[in-house]
$ cat structure.csv   # CSV, C-alpha atoms
chain,number,residue,atom,x,y,z
A,739,MET,CA,7.6,-25.9,-13.5
A,740,ASP,CA,4.1,-27.5,-13.6
A,741,LEU,CA,3.1,-25.4,-10.6
A,742,LEU,CA,3.8,-22.1,-12.4
A,743,ASN,CA,2.0,-23.2,-15.5
A,744,THR,CA,-1.0,-24.0,-13.3
A,745,LEU,CA,-0.8,-20.7,-11.5
A,746,VAL,CA,-0.6,-18.7,-14.7
A,747,ASP,CA,-3.7,-20.5,-16.1
A,748,LYS,CA,-5.6,-19.8,-12.9
A,749,GLY,CA,-4.6,-16.2,-12.9
A,750,LEU,CA,-5.7,-15.6,-16.5
A,751,ARG,CA,-9.1,-17.2,-15.6
A,752,ARG,CA,-9.4,-15.6,-12.1
A,753,GLU,CA,-9.6,-18.9,-10.5
A,754,PRO,CA,-8.7,-19.1,-6.8
A,755,LEU,CA,-5.4,-20.7,-5.7
A,756,SER,CA,-5.2,-23.3,-2.9
A,757,ARG,CA,-3.3,-22.5,0.2
A,758,ALA,CA,-0.8,-25.2,-0.7
A,759,GLU,CA,-0.1,-23.4,-4.1
A,760,ALA,CA,0.4,-20.0,-2.4
A,761,LEU,CA,2.8,-21.5,0.1
A,762,ALA,CA,4.7,-23.2,-2.7
A,763,VAL,CA,5.3,-19.9,-4.3
A,764,LEU,CA,6.9,-18.6,-1.1
A,765,GLY,CA,8.9,-21.8,-0.8
A,766,THR,CA,10.6,-21.6,-4.2
A,767,SER,CA,14.3,-21.4,-4.4
A,768,ASP,CA,16.5,-18.6,-5.6
A,769,ASP,CA,17.3,-20.7,-8.7
A,770,GLU,CA,13.6,-20.6,-9.5
A,771,LEU,CA,13.1,-16.9,-8.8
A,772,LEU,CA,13.2,-15.6,-12.3
A,773,ASP,CA,10.8,-18.3,-13.5
A,774,VAL,CA,8.4,-17.2,-10.7
A,775,VAL,CA,8.7,-13.5,-11.7
A,776,ALA,CA,8.1,-14.4,-15.4
A,777,ALA,CA,5.1,-16.5,-14.6
A,778,ALA,CA,3.4,-13.9,-12.3
A,779,GLY,CA,4.4,-11.2,-14.9
A,780,LYS,CA,2.2,-12.9,-17.5
A,781,VAL,CA,-0.8,-12.5,-15.2
A,782,ARG,CA,0.1,-8.9,-14.4
A,783,ARG,CA,0.4,-8.0,-18.1
A,784,HIS,CA,-2.8,-9.8,-19.0
A,785,TRP,CA,-4.9,-7.6,-16.7
A,786,PHE,CA,-2.8,-4.4,-16.6
A,787,GLY,CA,-0.5,-4.4,-19.6
A,788,ARG,CA,2.7,-2.5,-19.0
A,789,ARG,CA,1.1,0.4,-17.2
A,790,VAL,CA,2.3,1.6,-13.8
A,791,LYS,CA,0.0,3.7,-11.7
A,792,LEU,CA,1.6,6.4,-9.6
A,793,ASN,CA,0.2,7.4,-6.3
A,794,TYR,CA,1.2,10.3,-4.1
A,795,LEU,CA,1.0,10.6,-0.3
A,796,VAL,CA,0.0,13.7,1.6
A,797,ASN,CA,0.5,13.4,5.4
A,798,LEU,CA,-2.3,15.6,6.7
A,799,LYS,CA,-1.5,15.1,10.4
A,800,SER,CA,1.8,13.6,11.6
A,801,GLY,CA,2.7,11.9,14.8
A,802,LEU,CA,1.2,11.7,18.3
A,803,CYS,CA,-1.1,8.7,17.6
A,804,PRO,CA,-2.7,7.1,20.7
A,805,GLU,CA,-2.6,3.5,19.1
A,806,ASP,CA,0.3,1.1,19.9
A,807,CYS,CA,0.9,-0.5,16.5
A,808,SER,CA,4.4,-2.0,16.9
A,809,TYR,CA,5.6,-1.1,13.3
A,810,CYS,CA,4.5,2.5,13.4
A,811,SER,CA,6.8,5.5,13.9
A,812,GLN,CA,3.8,7.6,15.0
A,813,ARG,CA,2.6,5.1,17.6
A,814,LEU,CA,2.1,5.8,21.3
A,815,GLY,CA,5.5,5.7,22.9
A,816,SER,CA,7.5,6.0,19.7
A,817,THR,CA,10.8,7.8,20.1
A,818,ALA,CA,11.5,8.0,16.4
A,819,GLY,CA,12.5,11.6,15.4
A,820,ILE,CA,9.7,12.1,12.9
A,821,LEU,CA,7.9,15.3,12.0
A,822,LYS,CA,5.0,16.1,14.3
A,823,TYR,CA,2.3,18.6,13.2
A,824,THR,CA,-1.4,19.0,13.4
A,825,TRP,CA,-3.9,19.2,10.5
A,826,LEU,CA,-2.8,20.9,7.3
A,827,LYS,CA,-5.2,23.4,6.0
A,828,PRO,CA,-7.0,22.5,2.8
A,829,HIS,CA,-4.9,24.9,0.6
A,830,GLU,CA,-1.7,23.5,2.1
A,831,ALA,CA,-2.8,19.9,1.4
A,832,SER,CA,-3.8,21.0,-2.1
A,833,GLU,CA,-0.4,22.5,-2.8
A,834,ALA,CA,1.3,19.3,-1.5
A,835,ALA,CA,-0.9,17.2,-3.8
A,836,ALA,CA,-0.1,19.4,-6.8
A,837,ALA,CA,3.5,18.4,-6.6
A,838,GLY,CA,2.8,14.7,-6.9
A,839,LEU,CA,0.3,15.3,-9.7
A,840,ALA,CA,2.8,17.3,-11.6
A,841,GLY,CA,5.2,14.4,-11.3
A,842,GLY,CA,2.7,12.0,-12.9
A,843,ALA,CA,0.6,10.7,-10.1
A,844,LYS,CA,-3.1,10.1,-10.8
A,845,ARG,CA,-4.1,9.2,-7.2
A,846,VAL,CA,-3.6,11.3,-4.1
A,847,CYS,CA,-3.7,9.5,-0.8
A,848,LEU,CA,-4.7,11.7,2.2
A,849,VAL,CA,-3.5,10.2,5.4
A,850,ALA,CA,-3.9,11.3,9.0
A,851,SER,CA,-2.5,9.7,12.2
A,852,GLY,CA,-4.9,8.7,15.0
A,853,ARG,CA,-7.3,6.0,16.0
A,854,GLY,CA,-10.0,7.3,13.7
A,855,PRO,CA,-11.6,10.6,12.6
A,856,THR,CA,-14.0,12.7,14.6
A,857,ASP,CA,-16.9,14.2,12.7
A,858,ARG,CA,-15.0,17.5,12.7
A,859,ASP,CA,-12.0,15.7,11.2
A,860,VAL,CA,-14.2,14.3,8.4
A,861,ASP,CA,-15.3,17.9,7.7
A,862,ARG,CA,-11.7,19.0,7.5
A,863,VAL,CA,-10.8,16.2,5.1
A,864,SER,CA,-14.0,16.8,3.0
A,865,ASP,CA,-12.9,20.4,2.6
A,866,THR,CA,-9.4,19.2,1.5
A,867,ILE,CA,-10.9,16.8,-1.0
A,868,LYS,CA,-13.0,19.6,-2.5
A,869,ALA,CA,-9.9,21.9,-2.7
A,870,ILE,CA,-7.9,19.3,-4.5
A,871,LYS,CA,-10.7,18.3,-6.9
A,872,ASP,CA,-11.5,22.0,-7.7
A,873,ARG,CA,-7.9,22.3,-8.9
A,874,HIS,CA,-7.5,18.9,-10.4
A,875,GLU,CA,-10.8,17.6,-11.7
A,876,ASP,CA,-9.6,14.2,-12.8
A,877,VAL,CA,-7.5,13.2,-9.8
A,878,GLU,CA,-8.5,10.1,-7.7
A,879,VAL,CA,-8.5,10.8,-4.0
A,880,CYS,CA,-8.1,8.0,-1.4
A,881,ALA,CA,-8.5,8.8,2.3
A,882,CYS,CA,-6.8,6.9,5.1
A,883,LEU,CA,-8.0,8.2,8.4
A,884,GLY,CA,-8.2,5.1,10.6
A,885,LEU,CA,-11.3,3.4,12.0
A,886,LEU,CA,-14.6,4.8,10.7
A,887,SER,CA,-17.7,5.4,12.6
A,888,ASP,CA,-21.2,5.0,11.1
A,889,GLY,CA,-22.0,7.5,8.4
A,890,GLN,CA,-18.4,8.8,8.0
A,891,ALA,CA,-17.7,6.8,4.8
A,892,GLU,CA,-20.8,8.2,3.2
A,893,ARG,CA,-19.8,11.7,4.1
A,894,LEU,CA,-16.3,11.2,2.5
A,895,ARG,CA,-18.0,9.8,-0.6
A,896,GLU,CA,-20.3,12.8,-0.8
A,897,ALA,CA,-17.2,15.1,-0.5
A,898,GLY,CA,-15.7,13.4,-3.6
A,899,ALA,CA,-13.4,10.7,-2.1
A,900,ASP,CA,-13.0,7.8,-4.5
A,901,ALA,CA,-11.4,5.2,-2.2
A,902,TYR,CA,-10.6,4.4,1.4
A,903,ASN,CA,-7.5,2.7,2.6
A,904,HIS,CA,-7.3,0.5,5.7
A,905,ASN,CA,-4.9,-2.5,5.8
A,906,LEU,CA,-5.3,-5.8,7.5
A,907,ASN,CA,-1.6,-5.8,7.9
A,908,THR,CA,-1.1,-9.3,9.2
A,909,SER,CA,-3.0,-12.5,9.9
A,910,GLU,CA,-5.9,-12.5,12.3
A,911,ALA,CA,-4.1,-15.1,14.4
A,912,THR,CA,-1.1,-12.9,15.1
A,913,TYR,CA,-2.7,-9.5,15.0
A,914,GLY,CA,-2.8,-9.2,18.8
A,915,GLU,CA,1.0,-9.5,18.9
A,916,ILE,CA,1.3,-6.4,16.7
A,917,THR,CA,-1.4,-4.1,18.1
A,918,THR,CA,-3.5,-4.2,21.3
A,919,THR,CA,-5.5,-1.0,21.1
A,920,HIS,CA,-7.8,-2.2,18.4
A,921,THR,CA,-8.7,-5.5,16.8
A,922,TYR,CA,-8.4,-7.2,13.5
A,923,ALA,CA,-12.2,-7.2,13.4
A,924,ASP,CA,-12.2,-3.4,13.8
A,925,ARG,CA,-10.2,-3.2,10.6
A,926,VAL,CA,-12.5,-5.5,8.6
A,927,ASP,CA,-15.5,-3.5,9.9
A,928,THR,CA,-14.0,-0.2,8.6
A,929,VAL,CA,-13.5,-1.6,5.1
A,930,ARG,CA,-17.0,-3.0,5.0
A,931,LYS,CA,-18.2,0.5,5.9
A,932,ALA,CA,-16.2,1.9,3.0
A,933,HIS,CA,-17.7,-0.8,0.7
A,934,ALA,CA,-21.2,0.0,1.7
A,935,ALA,CA,-20.7,3.7,1.1
A,936,GLY,CA,-19.6,3.0,-2.5
A,937,LEU,CA,-15.9,3.8,-1.9
A,938,SER,CA,-13.3,1.7,-3.7
A,939,ALA,CA,-11.5,-0.4,-1.0
A,940,CYS,CA,-7.7,-0.3,-0.7
A,941,SER,CA,-6.4,-2.9,1.8
A,942,GLY,CA,-3.1,-4.7,2.1
A,943,LEU,CA,-0.4,-6.1,4.3
A,944,ILE,CA,3.0,-5.5,5.9
A,945,ALA,CA,5.6,-8.1,5.4
A,946,GLY,CA,8.8,-8.5,7.4
A,947,MET,CA,7.4,-8.3,11.0
A,948,GLY,CA,8.6,-11.8,11.9
A,949,GLU,CA,5.6,-13.5,10.4
A,950,SER,CA,5.6,-17.1,9.0
A,951,ASP,CA,4.8,-18.1,5.4
A,952,GLU,CA,1.5,-19.3,6.8
A,953,ASP,CA,0.7,-15.9,8.3
A,954,LEU,CA,1.4,-14.2,4.9
A,955,VAL,CA,-0.9,-16.6,3.1
A,956,ASP,CA,-3.6,-16.2,5.8
A,957,VAL,CA,-3.7,-12.4,5.4
A,958,VAL,CA,-3.6,-12.5,1.6
A,959,PHE,CA,-6.4,-15.1,1.5
A,960,SER,CA,-8.4,-12.9,3.9
A,961,LEU,CA,-7.8,-10.0,1.5
A,962,ARG,CA,-9.0,-12.1,-1.3
A,963,GLU,CA,-12.3,-12.8,0.5
A,964,LEU,CA,-12.6,-9.1,1.2
A,965,ASP,CA,-11.9,-8.3,-2.4
A,966,PRO,CA,-10.4,-4.8,-2.4
A,967,ASP,CA,-9.7,-3.1,-5.7
A,968,SER,CA,-6.2,-2.1,-4.5
A,969,VAL,CA,-3.8,-4.3,-2.4
A,970,PRO,CA,-0.8,-2.4,-1.1
A,971,VAL,CA,2.2,-4.6,-0.1
A,972,ASN,CA,4.4,-2.9,2.5
A,973,PHE,CA,7.8,-4.1,3.5
A,974,LEU,CA,8.5,-3.2,7.1
A,975,ILE,CA,10.9,-0.4,7.7
A,976,PRO,CA,12.4,-1.1,11.1
A,977,PHE,CA,12.3,2.4,12.4
A,978,GLU,CA,14.6,3.2,15.3
A,979,GLY,CA,12.4,4.1,18.3
A,980,THR,CA,9.7,1.4,17.6
A,981,PRO,CA,9.4,-2.1,19.0
A,982,LEU,CA,10.2,-3.7,15.6
A,983,ALA,CA,13.4,-1.7,15.1
A,984,LYS,CA,15.5,-4.9,15.1
A,985,GLU,CA,13.3,-6.9,12.7
A,986,TRP,CA,15.4,-7.0,9.5
A,987,ASN,CA,14.0,-10.2,8.0
A,988,LEU,CA,13.7,-9.5,4.3
A,989,THR,CA,15.8,-10.0,1.3
A,990,PRO,CA,15.1,-8.7,-2.3
A,991,GLN,CA,14.3,-12.3,-3.3
A,992,ARG,CA,11.9,-12.8,-0.4
A,993,CYS,CA,10.1,-9.6,-1.4
A,994,LEU,CA,9.7,-10.7,-5.0
A,995,ARG,CA,8.3,-14.0,-3.9
A,996,ILE,CA,5.7,-12.2,-1.7
A,997,LEU,CA,4.7,-9.9,-4.5
A,998,ALA,CA,4.4,-12.9,-6.9
A,999,MET,CA,2.2,-14.7,-4.4
A,1000,VAL,CA,-0.1,-11.7,-4.0
A,1001,ARG,CA,-0.4,-11.3,-7.8
A,1002,PHE,CA,-1.3,-15.0,-8.2
A,1003,VAL,CA,-3.9,-14.8,-5.4
A,1004,CYS,CA,-5.3,-11.5,-6.5
A,1005,PRO,CA,-4.7,-11.6,-10.2
A,1006,ASP,CA,-6.9,-8.7,-11.3
A,1007,SER,CA,-6.5,-6.4,-8.4
A,1008,GLU,CA,-4.2,-3.4,-8.4
A,1009,VAL,CA,-1.2,-4.6,-6.5
A,1010,ARG,CA,0.8,-1.7,-5.2
A,1011,ILE,CA,4.4,-1.8,-4.0
A,1012,ALA,CA,4.2,0.5,-1.0
A,1013,GLY,CA,6.5,1.4,1.9
A,1014,GLY,CA,9.9,-0.3,2.1
A,1015,ARG,CA,10.6,-1.0,-1.6
A,1016,GLU,CA,13.7,1.1,-1.7
A,1017,VAL,CA,15.0,-0.4,1.6
A,1018,HIS,CA,14.3,-4.1,0.9
A,1019,LEU,CA,14.1,-4.5,-2.9
A,1020,ARG,CA,16.9,-2.1,-3.6
A,1021,SER,CA,18.5,-2.8,-7.0
A,1022,MET,CA,15.8,-5.4,-7.7
A,1023,GLN,CA,13.0,-2.7,-7.8
A,1024,PRO,CA,12.6,-2.9,-11.6
A,1025,LEU,CA,11.9,-6.7,-11.4
A,1026,ALA,CA,9.1,-5.9,-9.0
A,1027,LEU,CA,7.3,-3.9,-11.7
A,1028,HIS,CA,6.7,-7.2,-13.5
A,1029,LEU,CA,4.6,-8.2,-10.5
A,1030,ALA,CA,2.9,-5.0,-9.3
A,1031,ASN,CA,1.2,-2.4,-11.4
A,1032,SER,CA,1.3,0.5,-8.9
A,1033,ILE,CA,3.8,2.3,-6.8
A,1034,PHE,CA,4.1,5.5,-4.7
A,1035,LEU,CA,6.0,8.4,-6.1
A,1036,GLY,CA,8.5,10.2,-4.1
A,1037,ASP,CA,8.4,10.3,-0.3
A,1038,TYR,CA,6.2,8.5,2.2
A,1039,LEU,CA,4.5,9.7,5.4
A,1040,THR,CA,7.4,10.1,7.8
A,1041,SER,CA,10.3,8.8,5.7
A,1042,GLU,CA,12.1,9.7,2.5
A,1043,GLY,CA,11.6,7.7,-0.7
A,1044,GLN,CA,13.5,7.4,-3.9
A,1045,ALA,CA,13.7,10.6,-5.9
A,1046,GLY,CA,10.6,11.0,-8.1
A,1047,LYS,CA,12.8,11.5,-11.1
A,1048,ALA,CA,14.5,8.2,-10.4
A,1049,ASP,CA,11.1,6.5,-10.1
A,1050,LEU,CA,10.1,7.7,-13.6
A,1051,GLU,CA,13.5,6.7,-15.0
A,1052,MET,CA,13.2,3.2,-13.5
A,1053,ILE,CA,9.8,2.7,-15.0
A,1054,ALA,CA,10.9,3.8,-18.4
A,1055,ASP,CA,14.2,1.8,-18.3
A,1056,ALA,CA,12.3,-1.4,-17.3
A,1057,GLY,CA,10.1,-1.0,-20.4
A,1058,PHE,CA,6.9,0.1,-18.6
A,1059,GLU,CA,4.9,3.3,-19.0
A,1060,VAL,CA,3.2,5.6,-16.5
A,1061,GLU,CA,-0.6,5.2,-16.5
A,1062,GLY,CA,-2.3,8.3,-17.7
A,1063,ALA,CA,-5.2,10.1,-16.0
A,1064,ASP,CA,-7.4,9.2,-18.9
A,1065,GLN,CA,-6.7,5.4,-18.5
A,1066,VAL,CA,-8.8,3.1,-16.3
A,1067,THR,CA,-6.6,1.2,-13.9
A,1068,LEU,CA,-8.8,-1.8,-13.2
A,1069,PRO,CA,-10.0,-4.4,-15.7
A,1070,GLU,CA,-13.4,-3.7,-17.1
A,1071,HIS,CA,-15.2,-6.3,-15.0
A,1072,ARG,CA,-13.9,-4.7,-11.8
A,1073,ALA,CA,-14.0,-1.1,-12.9
A,1074,THR,CA,-17.7,-1.3,-13.8
A,1075,VAL,CA,-18.6,-2.7,-10.4
A,1076,ALA,CA,-16.4,-0.2,-8.6
A,1077,ALA,CA,-17.9,2.7,-10.5
A,1078,GLY,CA,-21.4,1.5,-9.6
A,1079,GLY,CA,-20.6,1.7,-5.9
A,1080,GLY,CA,-19.3,-0.9,-3.7
A,1081,CYS,CA,-16.0,-2.5,-4.3
A,1082,GLY,CA,-15.7,-6.1,-3.8
A,1083,SER,CA,-19.2,-7.5,-4.3
A,1084,GLY,CA,-19.7,-11.2,-4.5
A,1085,GLU,CA,-20.4,-11.2,-8.2
A,1086,ARG,CA,-17.2,-9.4,-8.9
A,1087,ALA,CA,-14.7,-12.1,-9.2
A,1088,GLY,CA,-12.2,-9.6,-8.1
A,1089,CYS,CA,-9.3,-10.4,-6.0
A,1090,GLY,CA,-11.0,-13.6,-5.5
A,1091,SER,CA,-14.2,-13.5,-3.7
A,1092,HIS,CA,-16.7,-11.5,-2.1
A,1093,ALA,CA,-16.9,-10.0,1.3
A,1094,GLY,CA,-15.5,-6.6,2.1
A,1095,GLY,CA,-11.9,-5.7,2.6
A,1096,GLY,CA,-9.9,-3.9,5.1
A,1097,CYS,CA,-7.5,-1.2,5.0
A,1098,GLY,CA,-5.1,0.8,6.8
A,1099,SER,CA,-5.8,2.6,9.9
A,1100,HIS,CA,-4.0,5.3,11.7
A,1101,GLU,CA,-1.1,3.2,12.0
A,1102,ASP,CA,0.8,3.3,9.0
A,1103,GLU,CA,-1.3,1.2,7.1
A,1104,GLY,CA,-2.6,1.8,4.0
A,1105,ALA,CA,-0.9,1.7,1.1
A,1106,GLY,CA,2.1,2.1,2.9
A,1107,ALA,CA,1.8,1.0,6.3
A,1108,GLY,CA,4.5,0.0,8.5
A,1109,ALA,CA,6.9,1.1,6.0
A,1110,GLY,CA,5.8,4.6,6.1
A,1111,ALA,CA,4.3,4.3,2.9
A,1112,GLY,CA,1.1,4.2,1.6
A,1113,CYS,CA,-2.3,5.4,1.5
A,1114,GLY,CA,-2.2,5.3,5.0
A,1115,SER,CA,0.7,4.2,6.7
A,1116,HIS,CA,1.3,6.9,9.0
A,1117,ALA,CA,3.7,4.7,10.5
A,1118,GLY,CA,6.2,6.7,9.1
A,1119,GLY,CA,7.9,3.9,8.0
A,1120,GLY,CA,9.0,4.5,4.6
A,1121,VAL,CA,12.1,4.6,2.8
A,1122,CYS,CA,14.9,6.6,2.0
A,1123,GLY,CA,17.4,7.7,-0.4
A,1124,SER,CA,17.2,8.1,-4.0
A,1125,ALA,CA,18.3,5.3,-6.3
A,1126,ALA,CA,21.3,7.3,-7.3
A,1127,GLN,CA,22.4,8.0,-3.8
A,1128,ALA,CA,24.4,5.4,-2.0
A,1129,PRO,CA,25.7,2.2,-3.5
A,1130,VAL,CA,24.0,-0.8,-2.0
A,1131,ALA,CA,25.8,-4.0,-1.2
A,1132,ALA,CA,24.1,-7.4,-1.1
A,1133,THR,CA,22.5,-7.8,2.3
A,1134,PRO,CA,21.4,-11.1,3.8
A,1135,ALA,CA,18.2,-11.3,5.9
A,1136,GLY,CA,18.8,-10.1,9.4
A,1137,GLU,CA,21.4,-7.6,8.6
A,1138,ALA,CA,20.3,-4.1,9.4
A,1139,ARG,CA,20.5,-1.4,6.7
A,1140,THR,CA,19.6,1.6,8.8
A,1141,ASP,CA,21.6,3.7,6.3
A,1142,LEU,CA,18.6,3.3,3.9
A,1143,VAL,CA,16.1,4.8,6.4
A,1144,ALA,CA,15.8,8.5,6.5
A,1145,VAL,CA,13.2,10.6,8.3
A,1146,ARG,CA,11.3,12.9,6.0
A,1147,ARG,CA,12.3,16.5,6.5
A,1148,ARG,CA,10.7,18.0,3.4
A,1149,GLY,CA,7.2,18.4,1.8
A,1150,ALA,CA,4.0,18.5,3.9
A,1151,GLY,CA,4.5,20.0,7.3
A,1152,THR,CA,7.7,21.8,6.3
A,1153,ASP,CA,8.8,24.8,4.3
A,1154,LEU,CA,10.8,22.7,1.9
A,1155,ALA,CA,9.8,21.6,-1.5
A,1156,PRO,CA,8.4,18.0,-1.6
A,1157,ASN,CA,10.1,15.1,-3.5
A,1158,ALA,CA,7.9,14.2,-6.4
$ encode --input "structure.csv" --output "structure tokens"
Amino acid sequence: MDLLNTLVDKGLRREPLSRAEALAVLGTSDDELLDVVAAAGKVRRHWFGRRVKLNYLVNLKSGLCPEDCSYCSQRLGSTAGILKYTWLKPHEASEAAAAGLAGGAKRVCLVASGRGPTDRDVDRVSDTIKAIKDRHEDVEVCACLGLLSDGQAERLREAGADAYNHNLNTSEATYGEITTTHTYADRVDTVRKAHAAGLSACSGLIAGMGESDEDLVDVVFSLRELDPDSVPVNFLIPFEGTPLAKEWNLTPQRCLRILAMVRFVCPDSEVRIAGGREVHLRSMQPLALHLANSIFLGDYLTSEGQAGKADLEMIADAGFEVEGADQVTLPEHRATVAAGGGCGSGERAGCGSHAGGGCGSHEDEGAGAGAGAGCGSHAGGGVCGSAAQAPVAATPAGEARTDLVAVRRRGAGTDLAPNA
């Protein structure tokens, strides 16, 4: 396809796509899907080789959030039967993080439910960051605590945080249909605060909430302007007890097209498959590694994920390798700017442009938002079941696969060993 050849050339040169080109990727047919994956895979390998970065979530405080994000299992009014507990102590969080690091993770994402941290909460998280870094000097730490007040990002940076996660989640035009207790602009403001403090920005989206192709392109183009170093792509887990429990809109093919579009639009950013990959990609997960260069290991915030051992086997079987702690994730032109403070400056080329990005907030966002995933989704969303568990039949869009969603009952906040 001439379109794909054009997109590969643009991706290798970090040239921006047009909206029409991005929409065309989402509009490709199933017959063209492998061609789309192969083309986006060329861009992924050019900037990131065959490395896969592993990230590990630690849910510092679960449930009882005052915000009303429709996708989140921890939202105000949620009846999802998730774990609920207050702040883990620094040594408890450090123990939880150690399990993921032993499994191969190089970044730990510290997530807490709530609208945003108080200054006392920032002190707690700062103590936790220090406890983790005292034990694991080379680990990257990303915080996802919700909306930041003035000066809080600087304090997290001083405590040793490397990154901050706050997702945009969906397009600005439809944001008010998903959340009413804060605004899209609030999210953008928080990411800009992180940028200004010298933290690497992590900001992404949630697909599968009933949005249109135009909405998906809108949010990814907004992310390109904000230029985060990491772009987590979450696939909604329709958690029972939340307003979006009936939104089963995704197929594995749709998920792959979305990941390919994000890769073309943000060619040299770390694209992370976050919450929902096991639920919606299912047996197509290995193909997604040709598009994304980063995943979460093990469980999510409030839901179970694929067994950590299965994640590692999947990476090896697909011909990829786990990125080591001594390897730099980002291409040199991005890593240099990020190390100097401020992720996403205008000169950076990055995910496409300049301004600052946004990232997850108390709601589930983050690396794993609605799906319960990522560097901040406290949404609990998340996924379940290890790859080896139940056989998965082909599922058309709209058919619920609630059998693939399991509430997390192990790891942080419990007496059981974590999945890593």
$ residues_around --input "structure.csv" --residues "Glu985 of chain A" --least-positions-apart "6" --cutoff "9 Å" --atoms "only C-alpha atoms" --output "list in words"
Gly946, Met947, Gly948, Leu974, Ile975, Pro976, Gly1136 and Ala1138 of chain A
$ closest_residue --input "structure.csv" --among "A:Asp859, A:Glu833, A:Glu963, A:Glu892" --to "His874 of chain A" --atoms "only C-alpha atoms"
A:Glu833
$ atom_distance --input "structure.csv" --atom1 "atom CA of Thr917 of chain A" --atom2 "atom CA of Gln991 of chain A"
27.8 Å
$ closest_atom_pairs --input "structure.csv" --of "segment 846-906 of chain A" --to "segment 934-937 of chain A" --cutoff "10 Å" --atoms "all atoms listed in the file" --output "tab-separated table"
residue	atom	partner	partner_atom	distance
A:Cys880	CA	A:Leu937	CA	8.9
A:Ala881	CA	A:Leu937	CA	9.9
A:Gly889	CA	A:Ala935	CA	8.3
A:Gln890	CA	A:Ala935	CA	8.9
A:Ala891	CA	A:Ala935	CA	5.7
A:Glu892	CA	A:Ala935	CA	5.0
A:Arg893	CA	A:Ala935	CA	8.6
A:Leu894	CA	A:Leu937	CA	8.6
A:Arg895	CA	A:Leu937	CA	6.5
A:Glu896	CA	A:Ala935	CA	9.3
A:Gly898	CA	A:Leu937	CA	9.8
A:Ala899	CA	A:Leu937	CA	7.3
A:Asp900	CA	A:Leu937	CA	5.6
A:Ala901	CA	A:Leu937	CA	4.7
A:Tyr902	CA	A:Leu937	CA	6.3
A:Asn903	CA	A:Leu937	CA	9.6
$ write_last_selection --input "structure.csv" --atoms "C-alpha atoms" --output "compact mmCIF listing (two decimals), keeping the file's coordinate frame"
# COMPACT_ATOMS: atom_id res chain seq x y z
CA CYS A 880 -8.10 8.00 -1.40
CA ALA A 881 -8.50 8.80 2.30
CA GLY A 889 -22.00 7.50 8.40
CA GLN A 890 -18.40 8.80 8.00
CA ALA A 891 -17.70 6.80 4.80
CA GLU A 892 -20.80 8.20 3.20
CA ARG A 893 -19.80 11.70 4.10
CA LEU A 894 -16.30 11.20 2.50
CA ARG A 895 -18.00 9.80 -0.60
CA GLU A 896 -20.30 12.80 -0.80
CA GLY A 898 -15.70 13.40 -3.60
CA ALA A 899 -13.40 10.70 -2.10
CA ASP A 900 -13.00 7.80 -4.50
CA ALA A 901 -11.40 5.20 -2.20
CA TYR A 902 -10.60 4.40 1.40
CA ASN A 903 -7.50 2.70 2.60
$ closest_residue --input "structure.csv" --among "A:Ala1012, A:Ala939, A:Leu1035, A:Val955" --to "Ala762 of chain A" --atoms "all atoms listed in the file"
A:Val955
$ closest_residue --input "structure.csv" --among "A:Thr1152, A:Asn905, A:Asn743, A:Thr1067" --to "Glu1008 of chain A" --atoms "all atoms listed in the file"
A:Thr1067
$ closest_residue --input "structure.csv" --among "A:Arg925, A:Val860, A:Lys780, A:Asp956" --to "Thr912 of chain A" --atoms "all atoms listed in the file"
A:Asp956
$ closest_atom_pairs --input "structure.csv" --of "segment 989-1089 of chain A" --to "segment 788-799 of chain A" --cutoff "7 Å" --atoms "only C-alpha atoms" --output "Markdown table"
| residue | atom | partner | partner_atom | distance |
| --- | --- | --- | --- | --- |
| A:Asn1031 | CA | A:Val790 | CA | 4.8 |
| A:Ser1032 | CA | A:Lys791 | CA | 4.4 |
| A:Ile1033 | CA | A:Leu792 | CA | 5.4 |
| A:Phe1034 | CA | A:Asn793 | CA | 4.6 |
| A:Leu1035 | CA | A:Tyr794 | CA | 5.5 |
| A:Tyr1038 | CA | A:Leu795 | CA | 6.1 |
| A:Leu1039 | CA | A:Asn797 | CA | 5.4 |
| A:Phe1058 | CA | A:Arg788 | CA | 5.0 |
| A:Glu1059 | CA | A:Arg789 | CA | 5.1 |
| A:Val1060 | CA | A:Val790 | CA | 4.9 |
| A:Glu1061 | CA | A:Lys791 | CA | 5.1 |
$ write_last_selection --input "structure.csv" --atoms "C-alpha atoms" --output "PDB file, in the coordinates of the input"
ATOM      1  CA  ASN A1031       1.200  -2.400 -11.400  1.00  0.00           C
ATOM      2  CA  SER A1032       1.300   0.500  -8.900  1.00  0.00           C
ATOM      3  CA  ILE A1033       3.800   2.300  -6.800  1.00  0.00           C
ATOM      4  CA  PHE A1034       4.100   5.500  -4.700  1.00  0.00           C
ATOM      5  CA  LEU A1035       6.000   8.400  -6.100  1.00  0.00           C
ATOM      6  CA  TYR A1038       6.200   8.500   2.200  1.00  0.00           C
ATOM      7  CA  LEU A1039       4.500   9.700   5.400  1.00  0.00           C
ATOM      8  CA  PHE A1058       6.900   0.100 -18.600  1.00  0.00           C
ATOM      9  CA  GLU A1059       4.900   3.300 -19.000  1.00  0.00           C
ATOM     10  CA  VAL A1060       3.200   5.600 -16.500  1.00  0.00           C
ATOM     11  CA  GLU A1061      -0.600   5.200 -16.500  1.00  0.00           C
TER      12      GLU A1061
END
$ atom_distance --input "structure.csv" --atom1 "atom CA of Asp965 of chain A" --atom2 "atom CA of Leu1029 of chain A"
18.4 Å
$ atom_distance --input "structure.csv" --atom1 "atom CA of Ala776 of chain A" --atom2 "atom CA of Val1000 of chain A"
14.3 Å
